[in-house]
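So this one's coords-v3.cif, mmCIF, N, CA and C atoms:
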data_entry
#
loop_
_atom_site.group_PDB
_atom_site.id
_atom_site.type_symbol
_atom_site.label_atom_id
_atom_site.label_comp_id
_atom_site.auth_asym_id
_atom_site.auth_seq_id
_atom_site.Cartn_x
_atom_site.Cartn_y
_atom_site.Cartn_z
ATOM 1 N N MET C 1 21.827 20.095 -20.415
ATOM 2 C CA MET C 1 22.796 19.083 -20.076
ATOM 3 C C MET C 1 22.086 17.731 -19.986
ATOM 4 N N ALA C 2 22.613 16.747 -20.629
ATOM 5 C CA ALA C 2 22.042 15.411 -20.618
ATOM 6 C C ALA C 2 22.565 14.623 -19.423
ATOM 7 N N SER C 3 21.737 13.730 -18.916
ATOM 8 C CA SER C 3 22.117 12.874 -17.793
ATOM 9 C C SER C 3 21.855 11.429 -18.157
ATOM 10 N N ASN C 4 22.477 10.542 -17.431
ATOM 11 C CA ASN C 4 22.256 9.113 -17.609
ATOM 12 C C ASN C 4 21.350 8.607 -16.501
ATOM 13 N N LEU C 5 20.543 7.595 -16.850
ATOM 14 C CA LEU C 5 19.624 6.998 -15.898
ATOM 15 C C LEU C 5 19.736 5.491 -16.035
ATOM 16 N N SER C 6 19.895 4.809 -14.932
ATOM 17 C CA SER C 6 19.979 3.352 -14.941
ATOM 18 C C SER C 6 18.736 2.793 -14.268
ATOM 19 N N ILE C 7 18.058 1.890 -14.957
ATOM 20 C CA ILE C 7 16.854 1.264 -14.405
ATOM 21 C C ILE C 7 17.166 -0.208 -14.188
ATOM 22 N N LYS C 8 16.971 -0.659 -12.963
ATOM 23 C CA LYS C 8 17.305 -2.039 -12.613
ATOM 24 C C LYS C 8 16.043 -2.856 -12.372
ATOM 25 N N ASN C 9 16.202 -4.158 -12.460
ATOM 26 C CA ASN C 9 15.140 -5.131 -12.145
ATOM 27 C C ASN C 9 13.888 -4.942 -12.999
ATOM 28 N N ILE C 10 14.073 -4.701 -14.283
ATOM 29 C CA ILE C 10 12.935 -4.576 -15.195
ATOM 30 C C ILE C 10 12.397 -5.978 -15.464
ATOM 31 N N PRO C 11 11.122 -6.217 -15.195
ATOM 32 C CA PRO C 11 10.559 -7.538 -15.479
ATOM 33 C C PRO C 11 10.669 -7.866 -16.974
ATOM 34 N N ASP C 12 10.852 -9.135 -17.277
ATOM 35 C CA ASP C 12 11.025 -9.569 -18.669
ATOM 36 C C ASP C 12 9.875 -9.134 -19.562
ATOM 37 N N HIS C 13 8.633 -9.228 -19.056
ATOM 38 C CA HIS C 13 7.489 -8.883 -19.900
ATOM 39 C C HIS C 13 7.439 -7.386 -20.200
ATOM 40 N N VAL C 14 7.939 -6.556 -19.276
ATOM 41 C CA VAL C 14 7.982 -5.106 -19.508
ATOM 42 C C VAL C 14 9.031 -4.791 -20.571
ATOM 43 N N LEU C 15 10.202 -5.403 -20.452
ATOM 44 C CA LEU C 15 11.256 -5.178 -21.433
ATOM 45 C C LEU C 15 10.825 -5.650 -22.818
ATOM 46 N N ALA C 16 10.166 -6.796 -22.875
ATOM 47 C CA ALA C 16 9.687 -7.300 -24.167
ATOM 48 C C ALA C 16 8.673 -6.339 -24.772
ATOM 49 N N GLY C 17 7.785 -5.811 -23.937
ATOM 50 C CA GLY C 17 6.795 -4.853 -24.422
ATOM 51 C C GLY C 17 7.442 -3.578 -24.937
ATOM 52 N N LEU C 18 8.472 -3.093 -24.244
ATOM 53 C CA LEU C 18 9.185 -1.901 -24.696
ATOM 54 C C LEU C 18 9.908 -2.152 -26.010
ATOM 55 N N ARG C 19 10.506 -3.321 -26.133
ATOM 56 C CA ARG C 19 11.180 -3.658 -27.399
ATOM 57 C C ARG C 19 10.187 -3.736 -28.542
ATOM 58 N N ASN C 20 9.030 -4.346 -28.297
ATOM 59 C CA ASN C 20 7.993 -4.422 -29.329
ATOM 60 C C ASN C 20 7.508 -3.036 -29.721
ATOM 61 N N ARG C 21 7.296 -2.187 -28.716
ATOM 62 C CA ARG C 21 6.833 -0.826 -28.990
ATOM 63 C C ARG C 21 7.878 -0.046 -29.782
ATOM 64 N N ALA C 22 9.148 -0.203 -29.424
ATOM 65 C CA ALA C 22 10.227 0.474 -30.145
ATOM 66 C C ALA C 22 10.277 0.016 -31.600
ATOM 67 N N ALA C 23 10.159 -1.274 -31.815
ATOM 68 C CA ALA C 23 10.176 -1.795 -33.185
ATOM 69 C C ALA C 23 8.981 -1.274 -33.980
ATOM 70 N N ARG C 24 7.820 -1.252 -33.367
ATOM 71 C CA ARG C 24 6.613 -0.766 -34.044
ATOM 72 C C ARG C 24 6.760 0.704 -34.435
ATOM 73 N N ASN C 25 7.426 1.478 -33.588
ATOM 74 C CA ASN C 25 7.613 2.914 -33.844
ATOM 75 C C ASN C 25 8.919 3.213 -34.572
ATOM 76 N N GLN C 26 9.623 2.168 -35.002
ATOM 77 C CA GLN C 26 10.885 2.287 -35.732
ATOM 78 C C GLN C 26 11.904 3.137 -34.970
ATOM 79 N N ARG C 27 12.046 2.819 -33.694
ATOM 80 C CA ARG C 27 13.006 3.496 -32.838
ATOM 81 C C ARG C 27 13.872 2.448 -32.157
ATOM 82 N N SER C 28 15.015 2.892 -31.678
ATOM 83 C CA SER C 28 15.817 2.019 -30.817
ATOM 84 C C SER C 28 15.125 1.945 -29.462
ATOM 85 N N LEU C 29 15.498 0.965 -28.665
ATOM 86 C CA LEU C 29 14.925 0.835 -27.327
ATOM 87 C C LEU C 29 15.210 2.098 -26.514
ATOM 88 N N ASN C 30 16.434 2.606 -26.584
ATOM 89 C CA ASN C 30 16.793 3.821 -25.859
ATOM 90 C C ASN C 30 15.936 5.002 -26.304
ATOM 91 N N SER C 31 15.769 5.170 -27.614
ATOM 92 C CA SER C 31 14.959 6.276 -28.131
ATOM 93 C C SER C 31 13.502 6.141 -27.707
ATOM 94 N N GLU C 32 13.000 4.925 -27.681
ATOM 95 C CA GLU C 32 11.596 4.717 -27.284
ATOM 96 C C GLU C 32 11.400 5.068 -25.810
ATOM 97 N N VAL C 33 12.326 4.644 -24.961
ATOM 98 C CA VAL C 33 12.225 4.955 -23.535
ATOM 99 C C VAL C 33 12.342 6.465 -23.318
ATOM 100 N N LEU C 34 13.249 7.121 -24.023
ATOM 101 C CA LEU C 34 13.363 8.582 -23.919
ATOM 102 C C LEU C 34 12.068 9.258 -24.363
ATOM 103 N N HIS C 35 11.451 8.753 -25.416
ATOM 104 C CA HIS C 35 10.183 9.318 -25.896
ATOM 105 C C HIS C 35 9.092 9.172 -24.827
ATOM 106 N N ILE C 36 8.990 7.992 -24.226
ATOM 107 C CA ILE C 36 7.988 7.745 -23.184
ATOM 108 C C ILE C 36 8.233 8.667 -21.984
ATOM 109 N N LEU C 37 9.495 8.795 -21.567
ATOM 110 C CA LEU C 37 9.817 9.653 -20.435
ATOM 111 C C LEU C 37 9.523 11.120 -20.742
ATOM 112 N N ALA C 38 9.821 11.557 -21.955
ATOM 113 C CA ALA C 38 9.542 12.942 -22.337
ATOM 114 C C ALA C 38 8.045 13.221 -22.292
ATOM 115 N N GLN C 39 7.231 12.276 -22.756
ATOM 116 C CA GLN C 39 5.770 12.447 -22.691
ATOM 117 C C GLN C 39 5.297 12.512 -21.243
ATOM 118 N N ALA C 40 5.846 11.654 -20.390
ATOM 119 C CA ALA C 40 5.432 11.624 -18.988
ATOM 120 C C ALA C 40 5.831 12.906 -18.259
ATOM 121 N N ALA C 41 6.969 13.492 -18.635
ATOM 122 C CA ALA C 41 7.465 14.687 -17.948
ATOM 123 C C ALA C 41 6.856 15.975 -18.493
ATOM 124 N N GLN C 42 6.230 15.901 -19.649
ATOM 125 C CA GLN C 42 5.690 17.099 -20.286
ATOM 126 C C GLN C 42 4.605 17.741 -19.419
ATOM 127 N N GLY C 43 4.739 19.040 -19.202
ATOM 128 C CA GLY C 43 3.723 19.785 -18.459
ATOM 129 C C GLY C 43 3.768 19.623 -16.954
ATOM 130 N N GLN C 44 4.782 18.977 -16.431
ATOM 131 C CA GLN C 44 4.892 18.799 -14.973
ATOM 132 C C GLN C 44 5.468 20.066 -14.349
ATOM 133 N N ALA C 45 4.707 20.681 -13.486
ATOM 134 C CA ALA C 45 5.150 21.900 -12.811
ATOM 135 C C ALA C 45 6.102 21.530 -11.682
ATOM 136 N N PRO C 46 7.026 22.429 -11.366
ATOM 137 C CA PRO C 46 7.915 22.169 -10.226
ATOM 138 C C PRO C 46 7.108 22.041 -8.934
ATOM 139 N N VAL C 47 7.610 21.227 -8.017
ATOM 140 C CA VAL C 47 6.950 21.035 -6.728
ATOM 141 C C VAL C 47 7.491 22.082 -5.759
ATOM 142 N N SER C 48 6.583 22.797 -5.129
ATOM 143 C CA SER C 48 6.986 23.822 -4.156
ATOM 144 C C SER C 48 6.788 23.286 -2.743
ATOM 145 N N LEU C 49 7.384 23.972 -1.808
ATOM 146 C CA LEU C 49 7.215 23.607 -0.408
ATOM 147 C C LEU C 49 5.752 23.723 0.000
ATOM 148 N N GLU C 50 5.063 24.732 -0.522
ATOM 149 C CA GLU C 50 3.631 24.902 -0.227
ATOM 150 C C GLU C 50 2.823 23.695 -0.702
ATOM 151 N N ASP C 51 3.183 23.162 -1.879
ATOM 152 C CA ASP C 51 2.496 21.977 -2.398
ATOM 153 C C ASP C 51 2.682 20.781 -1.469
ATOM 154 N N VAL C 52 3.899 20.598 -1.016
ATOM 155 C CA VAL C 52 4.202 19.467 -0.126
ATOM 156 C C VAL C 52 3.444 19.606 1.189
ATOM 157 N N LEU C 53 3.456 20.812 1.757
ATOM 158 C CA LEU C 53 2.754 21.030 3.026
ATOM 159 C C LEU C 53 1.245 20.877 2.874
ATOM 160 N N ALA C 54 0.693 21.372 1.764
ATOM 161 C CA ALA C 54 -0.748 21.239 1.524
ATOM 162 C C ALA C 54 -1.129 19.776 1.402
ATOM 163 N N ARG C 55 -0.311 19.006 0.716
ATOM 164 C CA ARG C 55 -0.603 17.581 0.563
ATOM 165 C C ARG C 55 -0.508 16.854 1.902
ATOM 166 N N ALA C 56 0.469 17.228 2.717
ATOM 167 C CA ALA C 56 0.623 16.603 4.034
ATOM 168 C C ALA C 56 -0.587 16.900 4.911
ATOM 169 N N GLU C 57 -1.084 18.121 4.872
ATOM 170 C CA GLU C 57 -2.269 18.480 5.654
ATOM 171 C C GLU C 57 -3.495 17.733 5.150
ATOM 172 N N ARG C 58 -3.576 17.538 3.867
ATOM 173 C CA ARG C 58 -4.730 16.870 3.271
ATOM 174 C C ARG C 58 -4.764 15.393 3.645
ATOM 175 N N THR C 59 -3.607 14.752 3.734
ATOM 176 C CA THR C 59 -3.580 13.312 4.008
ATOM 177 C C THR C 59 -3.618 12.992 5.489
ATOM 178 N N ARG C 60 -3.362 13.970 6.350
ATOM 179 C CA ARG C 60 -3.332 13.701 7.784
ATOM 180 C C ARG C 60 -4.652 13.178 8.334
ATOM 181 N N PRO C 61 -5.805 13.731 7.936
ATOM 182 C CA PRO C 61 -7.051 13.152 8.455
ATOM 183 C C PRO C 61 -7.206 11.675 8.105
ATOM 184 N N GLY C 62 -6.673 11.276 6.968
ATOM 185 C CA GLY C 62 -6.733 9.869 6.591
ATOM 186 C C GLY C 62 -5.964 9.000 7.568
ATOM 187 N N LEU C 63 -4.822 9.502 8.032
ATOM 188 C CA LEU C 63 -4.040 8.752 9.010
ATOM 189 C C LEU C 63 -4.791 8.657 10.334
ATOM 190 N N ASP C 64 -5.423 9.757 10.744
ATOM 191 C CA ASP C 64 -6.203 9.733 11.983
ATOM 192 C C ASP C 64 -7.347 8.736 11.882
ATOM 193 N N GLU C 65 -7.995 8.716 10.727
ATOM 194 C CA GLU C 65 -9.114 7.793 10.523
ATOM 195 C C GLU C 65 -8.627 6.350 10.562
ATOM 196 N N THR C 66 -7.493 6.084 9.935
ATOM 197 C CA THR C 66 -6.932 4.737 9.941
ATOM 198 C C THR C 66 -6.570 4.308 11.356
ATOM 199 N N ALA C 67 -5.979 5.204 12.118
ATOM 200 C CA ALA C 67 -5.627 4.883 13.504
ATOM 201 C C ALA C 67 -6.877 4.565 14.324
ATOM 202 N N SER C 68 -7.950 5.320 14.094
ATOM 203 C CA SER C 68 -9.208 5.067 14.810
ATOM 204 C C SER C 68 -9.783 3.706 14.448
ATOM 205 N N GLN C 69 -9.693 3.343 13.170
ATOM 206 C CA GLN C 69 -10.193 2.035 12.736
ATOM 207 C C GLN C 69 -9.387 0.913 13.366
ATOM 208 N N ILE C 70 -8.081 1.074 13.417
ATOM 209 C CA ILE C 70 -7.233 0.047 14.030
ATOM 210 C C ILE C 70 -7.543 -0.073 15.516
ATOM 211 N N GLU C 71 -7.712 1.059 16.190
ATOM 212 C CA GLU C 71 -8.036 1.038 17.616
ATOM 213 C C GLU C 71 -9.374 0.337 17.863
ATOM 214 N N ALA C 72 -10.354 0.603 17.005
ATOM 215 C CA ALA C 72 -11.664 -0.035 17.147
ATOM 216 C C ALA C 72 -11.560 -1.545 16.944
ATOM 217 N N ARG C 73 -10.767 -1.961 15.968
ATOM 218 C CA ARG C 73 -10.585 -3.402 15.734
ATOM 219 C C ARG C 73 -9.899 -4.069 16.917
ATOM 220 N N LEU C 74 -8.889 -3.412 17.477
ATOM 221 C CA LEU C 74 -8.196 -3.983 18.633
ATOM 222 C C LEU C 74 -9.120 -4.087 19.836
ATOM 223 N N THR C 75 -9.941 -3.069 20.048
ATOM 224 C CA THR C 75 -10.885 -3.097 21.161
ATOM 225 C C THR C 75 -11.878 -4.236 20.978
ATOM 226 N N ALA C 76 -12.388 -4.389 19.761
ATOM 227 C CA ALA C 76 -13.338 -5.472 19.485
ATOM 228 C C ALA C 76 -12.685 -6.837 19.694
ATOM 229 N N GLU C 77 -11.433 -6.972 19.275
ATOM 230 C CA GLU C 77 -10.720 -8.231 19.449
ATOM 231 C C GLU C 77 -10.486 -8.516 20.935
ATOM 232 N N GLN C 78 -10.147 -7.497 21.714
ATOM 233 C CA GLN C 78 -9.957 -7.677 23.150
ATOM 234 C C GLN C 78 -11.262 -8.104 23.822
ATOM 235 N N GLN C 79 -12.371 -7.506 23.414
ATOM 236 C CA GLN C 79 -13.666 -7.877 23.985
ATOM 237 C C GLN C 79 -14.025 -9.313 23.615
ATOM 238 N N ARG C 80 -13.733 -9.680 22.362
ATOM 239 C CA ARG C 80 -14.027 -11.048 21.919
ATOM 240 C C ARG C 80 -13.183 -12.056 22.709
ATOM 241 N N MET C 81 -11.912 -11.740 22.918
ATOM 242 C CA MET C 81 -11.043 -12.643 23.679
ATOM 243 C C MET C 81 -11.481 -12.724 25.136
ATOM 244 N N ALA C 82 -11.880 -11.610 25.723
ATOM 245 C CA ALA C 82 -12.361 -11.621 27.107
ATOM 246 C C ALA C 82 -13.614 -12.490 27.224
ATOM 247 N N GLN C 83 -14.517 -12.405 26.261
ATOM 248 C CA GLN C 83 -15.732 -13.221 26.279
ATOM 249 C C GLN C 83 -15.384 -14.703 26.143
ATOM 250 N N ARG C 84 -14.432 -15.017 25.263
ATOM 251 C CA ARG C 84 -14.027 -16.419 25.115
ATOM 252 C C ARG C 84 -13.416 -16.937 26.417
ATOM 253 N N PHE C 85 -12.612 -16.116 27.068
ATOM 254 C CA PHE C 85 -12.013 -16.505 28.337
ATOM 255 C C PHE C 85 -13.104 -16.777 29.366
ATOM 256 N N ASP C 86 -14.078 -15.865 29.457
ATOM 257 C CA ASP C 86 -15.190 -16.058 30.392
ATOM 258 C C ASP C 86 -15.958 -17.333 30.068
ATOM 259 N N ASP C 87 -16.194 -17.586 28.795
ATOM 260 C CA ASP C 87 -16.926 -18.788 28.386
ATOM 261 C C ASP C 87 -16.172 -20.054 28.759
ATOM 262 N N LEU C 88 -14.850 -20.051 28.624
ATOM 263 C CA LEU C 88 -14.054 -21.234 28.941
ATOM 264 C C LEU C 88 -13.996 -21.505 30.449
ATOM 265 N N TRP C 89 -13.965 -20.465 31.250
ATOM 266 C CA TRP C 89 -13.801 -20.630 32.681
ATOM 267 C C TRP C 89 -15.100 -20.705 33.449
ATOM 268 N N SER C 90 -16.193 -20.406 32.830
ATOM 269 C CA SER C 90 -17.466 -20.504 33.556
ATOM 270 C C SER C 90 -18.290 -21.637 32.957
ATOM 271 N N THR C 91 -18.680 -22.566 33.816
ATOM 272 C CA THR C 91 -19.526 -23.674 33.387
ATOM 273 C C THR C 91 -20.713 -23.741 34.331
ATOM 274 N N PRO C 92 -21.827 -24.213 33.857
ATOM 275 C CA PRO C 92 -22.992 -24.350 34.745
ATOM 276 C C PRO C 92 -22.694 -25.312 35.894
ATOM 277 N N ASP C 93 -23.298 -25.085 37.044
ATOM 278 C CA ASP C 93 -23.079 -25.939 38.221
ATOM 279 C C ASP C 93 -23.540 -27.367 37.981
ATOM 280 N N ASP C 94 -24.577 -27.536 37.173
ATOM 281 C CA ASP C 94 -25.102 -28.883 36.964
ATOM 282 C C ASP C 94 -24.446 -29.574 35.770
ATOM 283 N N ALA C 95 -23.421 -28.965 35.186
ATOM 284 C CA ALA C 95 -22.762 -29.587 34.033
ATOM 285 C C ALA C 95 -21.891 -30.735 34.531
ATOM 286 N N ASP C 96 -22.044 -31.896 33.912
ATOM 287 C CA ASP C 96 -21.263 -33.065 34.278
ATOM 288 C C ASP C 96 -20.474 -33.510 33.057
ATOM 289 N N ASP C 97 -19.865 -32.540 32.390
ATOM 290 C CA ASP C 97 -19.160 -32.863 31.144
ATOM 291 C C ASP C 97 -17.643 -32.750 31.295
ATOM 292 N N GLY C 98 -17.164 -32.669 32.497
ATOM 293 C CA GLY C 98 -15.728 -32.596 32.725
ATOM 294 C C GLY C 98 -15.174 -31.213 32.448
ATOM 295 N N GLY C 99 -16.025 -30.199 32.465
ATOM 296 C CA GLY C 99 -15.582 -28.831 32.200
ATOM 297 C C GLY C 99 -14.689 -28.313 33.309
ATOM 298 N N LEU C 100 -14.057 -27.226 33.050
ATOM 299 C CA LEU C 100 -13.159 -26.615 34.032
ATOM 300 C C LEU C 100 -13.980 -25.972 35.135
ATOM 301 N N LYS C 101 -13.585 -26.219 36.348
ATOM 302 C CA LYS C 101 -14.230 -25.590 37.492
ATOM 303 C C LYS C 101 -13.178 -25.036 38.398
ATOM 304 N N ILE C 102 -13.483 -23.900 38.973
ATOM 305 C CA ILE C 102 -12.522 -23.262 39.865
ATOM 306 C C ILE C 102 -13.005 -23.401 41.282
#

Can you present the structure in this file as structure tokens?
Amino acid sequence: MASNLSIKNIPDHVLAGLRNRAARNQRSLNSEVLHILAQAAQGQAPVSLEDVLARAERTRPGLDETASQIEARLTAEQQRMAQRFDDLWSTPDDADDGGLKI
């Protein structure tokens, strides 16, 4: 059974390239796109639930690692801000430069 597919927002340069390719291969634009899609779909095995779960397990450590990196960056930024705060509020006793004193 044949189905219809609508592709929206194709950039002008992509459409021009497809038209050029279709002309070079002596095909209509529709036939050229069908040919490209058939090549891309060739040999693709069905996706099973086991495949999806295996992929999810495989990518999870990456998420944990990313979260750890973000946490480390936030901690470093908090330490940097705390140091800047300390630097702004603490001035030497003999400083006569109009610095902040508490």

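Atom CA of Asn9 of chain C to atom CA of Val33 of chain C spans 15.5 Å [interatomic distance, one decimal].
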
Practice prompt. Taking the chain letters and numbering used in this document, name the residues of chain C that DSSP puts in helix (DSSP H, G or I), as a VMD selection string.
Written response: chain C and resid 12 to 24 29 to 41 49 to 89

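Excluding Asn30 of chain C itself and any same-chain residue fewer than 2 positions from it, the protein and nucleic acid residues within 12 Å of it, counting only C-alpha atoms, are Asn4, Leu5, Ser6, Ile7, Leu15, Leu18, Arg19, Arg21, Ala22, Ala23, Gln26, Arg27, Ser28, Glu32, Val33, Leu34, His35, Ile36 and Leu37 of chain C.
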
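Relative to atom CA of Ala38 of chain C, atom CA of Asp12 of chain C is found at 22.9 Å.
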
Around all listed atoms of segment 7-12 of chain C, padded 5 Å per side, what centre and edge lengths does the axis-aligned box have in Å to one decimal, as lines of an AutoDock Vina configuration file?
center_x = 14.0
center_y = -3.8
center_z = -15.9
size_x = 18.2
size_y = 21.5
size_z = 17.4

Practice prompt. Report the distance between atom CA of Thr66 of chain C and atom CA of Phe85 of chain C in Å, rounded to one decimal place.
Written response: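 If I compute the distance from atom CA of Thr66 of chain C to atom CA of Phe85 of chain C, I get 28.6 Å.
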
Could you pull segment 8-102 of chain C out of the block above and give me C-alpha atoms, as a PDB file, in the first residue's frame?
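See part25.pdb below for the written result:
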ATOM      1  CA  LYS C   8       7.529  21.245   4.897  1.00  0.00           C
ATOM      2  CA  ASN C   9      10.055  24.068   5.246  1.00  0.00           C
ATOM      3  CA  ILE C  10      12.581  22.692   2.757  1.00  0.00           C
ATOM      4  CA  PRO C  11      15.406  25.225   2.432  1.00  0.00           C
ATOM      5  CA  ASP C  12      15.751  26.689  -1.069  1.00  0.00           C
ATOM      6  CA  HIS C  13      19.281  25.344  -1.537  1.00  0.00           C
ATOM      7  CA  VAL C  14      18.151  21.796  -0.649  1.00  0.00           C
ATOM      8  CA  LEU C  15      15.257  21.936  -3.106  1.00  0.00           C
ATOM      9  CA  ALA C  16      17.533  23.310  -5.820  1.00  0.00           C
ATOM     10  CA  GLY C  17      20.013  20.507  -5.176  1.00  0.00           C
ATOM     11  CA  LEU C  18      17.261  17.885  -5.398  1.00  0.00           C
ATOM     12  CA  ARG C  19      15.996  19.365  -8.652  1.00  0.00           C
ATOM     13  CA  ASN C  20      19.518  19.354 -10.087  1.00  0.00           C
ATOM     14  CA  ARG C  21      20.037  15.759  -8.988  1.00  0.00           C
ATOM     15  CA  ALA C  22      16.696  14.717 -10.503  1.00  0.00           C
ATOM     16  CA  ALA C  23      17.560  16.373 -13.805  1.00  0.00           C
ATOM     17  CA  ARG C  24      21.007  14.759 -13.852  1.00  0.00           C
ATOM     18  CA  ASN C  25      19.426  11.335 -13.255  1.00  0.00           C
ATOM     19  CA  GLN C  26      16.615  12.022 -15.762  1.00  0.00           C
ATOM     20  CA  ARG C  27      13.918  11.639 -13.133  1.00  0.00           C
ATOM     21  CA  SER C  28      11.100  13.804 -11.895  1.00  0.00           C
ATOM     22  CA  LEU C  29      11.628  15.476  -8.532  1.00  0.00           C
ATOM     23  CA  ASN C  30       9.116  13.069  -6.965  1.00  0.00           C
ATOM     24  CA  SER C  31      10.867  10.029  -8.465  1.00  0.00           C
ATOM     25  CA  GLU C  32      14.265  11.273  -7.296  1.00  0.00           C
ATOM     26  CA  VAL C  33      13.047  11.799  -3.726  1.00  0.00           C
ATOM     27  CA  LEU C  34      11.428   8.338  -3.729  1.00  0.00           C
ATOM     28  CA  HIS C  35      14.716   6.856  -4.975  1.00  0.00           C
ATOM     29  CA  ILE C  36      16.694   8.599  -2.201  1.00  0.00           C
ATOM     30  CA  LEU C  37      14.195   7.470   0.449  1.00  0.00           C
ATOM     31  CA  ALA C  38      14.238   3.884  -0.834  1.00  0.00           C
ATOM     32  CA  GLN C  39      18.050   3.820  -0.594  1.00  0.00           C
ATOM     33  CA  ALA C  40      17.949   5.249   2.934  1.00  0.00           C
ATOM     34  CA  ALA C  41      15.329   2.710   4.070  1.00  0.00           C
ATOM     35  CA  GLN C  42      17.039  -0.292   2.489  1.00  0.00           C
ATOM     36  CA  GLY C  43      18.264  -2.832   5.033  1.00  0.00           C
ATOM     37  CA  GLN C  44      16.749  -1.091   8.059  1.00  0.00           C
ATOM     38  CA  ALA C  45      15.686  -3.691  10.603  1.00  0.00           C
ATOM     39  CA  PRO C  46      12.554  -3.131  12.672  1.00  0.00           C
ATOM     40  CA  VAL C  47      13.145  -1.516  16.062  1.00  0.00           C
ATOM     41  CA  SER C  48      12.285  -3.765  18.994  1.00  0.00           C
ATOM     42  CA  LEU C  49      11.529  -2.848  22.562  1.00  0.00           C
ATOM     43  CA  GLU C  50      14.798  -4.536  23.572  1.00  0.00           C
ATOM     44  CA  ASP C  51      16.691  -2.222  21.201  1.00  0.00           C
ATOM     45  CA  VAL C  52      15.074   0.855  22.714  1.00  0.00           C
ATOM     46  CA  LEU C  53      15.767  -0.285  26.278  1.00  0.00           C
ATOM     47  CA  ALA C  54      19.379  -1.208  25.466  1.00  0.00           C
ATOM     48  CA  ARG C  55      19.954   2.204  23.932  1.00  0.00           C
ATOM     49  CA  ALA C  56      18.386   3.942  26.935  1.00  0.00           C
ATOM     50  CA  GLU C  57      20.671   2.035  29.313  1.00  0.00           C
ATOM     51  CA  ARG C  58      23.685   2.859  27.177  1.00  0.00           C
ATOM     52  CA  THR C  59      23.006   6.609  27.131  1.00  0.00           C
ATOM     53  CA  ARG C  60      22.133   6.944  30.819  1.00  0.00           C
ATOM     54  CA  PRO C  61      25.747   7.125  32.038  1.00  0.00           C
ATOM     55  CA  GLY C  62      26.230  10.030  29.654  1.00  0.00           C
ATOM     56  CA  LEU C  63      23.411  11.902  31.356  1.00  0.00           C
ATOM     57  CA  ASP C  64      24.920  11.205  34.779  1.00  0.00           C
ATOM     58  CA  GLU C  65      28.284  12.462  33.567  1.00  0.00           C
ATOM     59  CA  THR C  66      26.720  15.615  32.138  1.00  0.00           C
ATOM     60  CA  ALA C  67      24.885  16.284  35.394  1.00  0.00           C
ATOM     61  CA  SER C  68      28.154  15.882  37.321  1.00  0.00           C
ATOM     62  CA  GLN C  69      29.902  18.339  35.002  1.00  0.00           C
ATOM     63  CA  ILE C  70      27.128  20.890  35.427  1.00  0.00           C
ATOM     64  CA  GLU C  71      27.215  20.469  39.209  1.00  0.00           C
ATOM     65  CA  ALA C  72      30.995  20.967  39.221  1.00  0.00           C
ATOM     66  CA  ARG C  73      30.680  24.132  37.130  1.00  0.00           C
ATOM     67  CA  LEU C  74      28.001  25.528  39.436  1.00  0.00           C
ATOM     68  CA  THR C  75      30.106  24.778  42.504  1.00  0.00           C
ATOM     69  CA  ALA C  76      33.124  26.477  40.933  1.00  0.00           C
ATOM     70  CA  GLU C  77      31.005  29.496  40.004  1.00  0.00           C
ATOM     71  CA  GLN C  78      29.614  29.722  43.554  1.00  0.00           C
ATOM     72  CA  GLN C  79      33.140  29.594  44.986  1.00  0.00           C
ATOM     73  CA  ARG C  80      34.299  32.266  42.543  1.00  0.00           C
ATOM     74  CA  MET C  81      31.370  34.522  43.478  1.00  0.00           C
ATOM     75  CA  ALA C  82      31.978  33.977  47.201  1.00  0.00           C
ATOM     76  CA  GLN C  83      35.644  34.955  46.738  1.00  0.00           C
ATOM     77  CA  ARG C  84      34.655  38.082  44.804  1.00  0.00           C
ATOM     78  CA  PHE C  85      32.215  39.006  47.568  1.00  0.00           C
ATOM     79  CA  ASP C  86      34.936  38.535  50.193  1.00  0.00           C
ATOM     80  CA  ASP C  87      37.360  40.613  48.120  1.00  0.00           C
ATOM     81  CA  LEU C  88      34.855  43.466  47.770  1.00  0.00           C
ATOM     82  CA  TRP C  89      33.948  43.586  51.455  1.00  0.00           C
ATOM     83  CA  SER C  90      37.374  43.152  52.969  1.00  0.00           C
ATOM     84  CA  THR C  91      39.905  45.949  52.669  1.00  0.00           C
ATOM     85  CA  PRO C  92      43.188  46.410  54.491  1.00  0.00           C
ATOM     86  CA  ASP C  93      42.995  48.577  57.634  1.00  0.00           C
ATOM     87  CA  ASP C  94      45.620  50.963  56.305  1.00  0.00           C
ATOM     88  CA  ALA C  95      43.889  51.418  52.935  1.00  0.00           C
ATOM     89  CA  ASP C  96      42.932  55.046  52.363  1.00  0.00           C
ATOM     90  CA  ASP C  97      41.322  54.551  48.980  1.00  0.00           C
ATOM     91  CA  GLY C  98      37.691  55.015  49.956  1.00  0.00           C
ATOM     92  CA  GLY C  99      37.039  51.268  50.011  1.00  0.00           C
ATOM     93  CA  LEU C 100      34.052  49.749  51.714  1.00  0.00           C
ATOM     94  CA  LYS C 101      34.413  49.238  55.427  1.00  0.00           C
ATOM     95  CA  ILE C 102      32.024  47.615  57.798  1.00  0.00           C
TER      96      ILE C 102
END
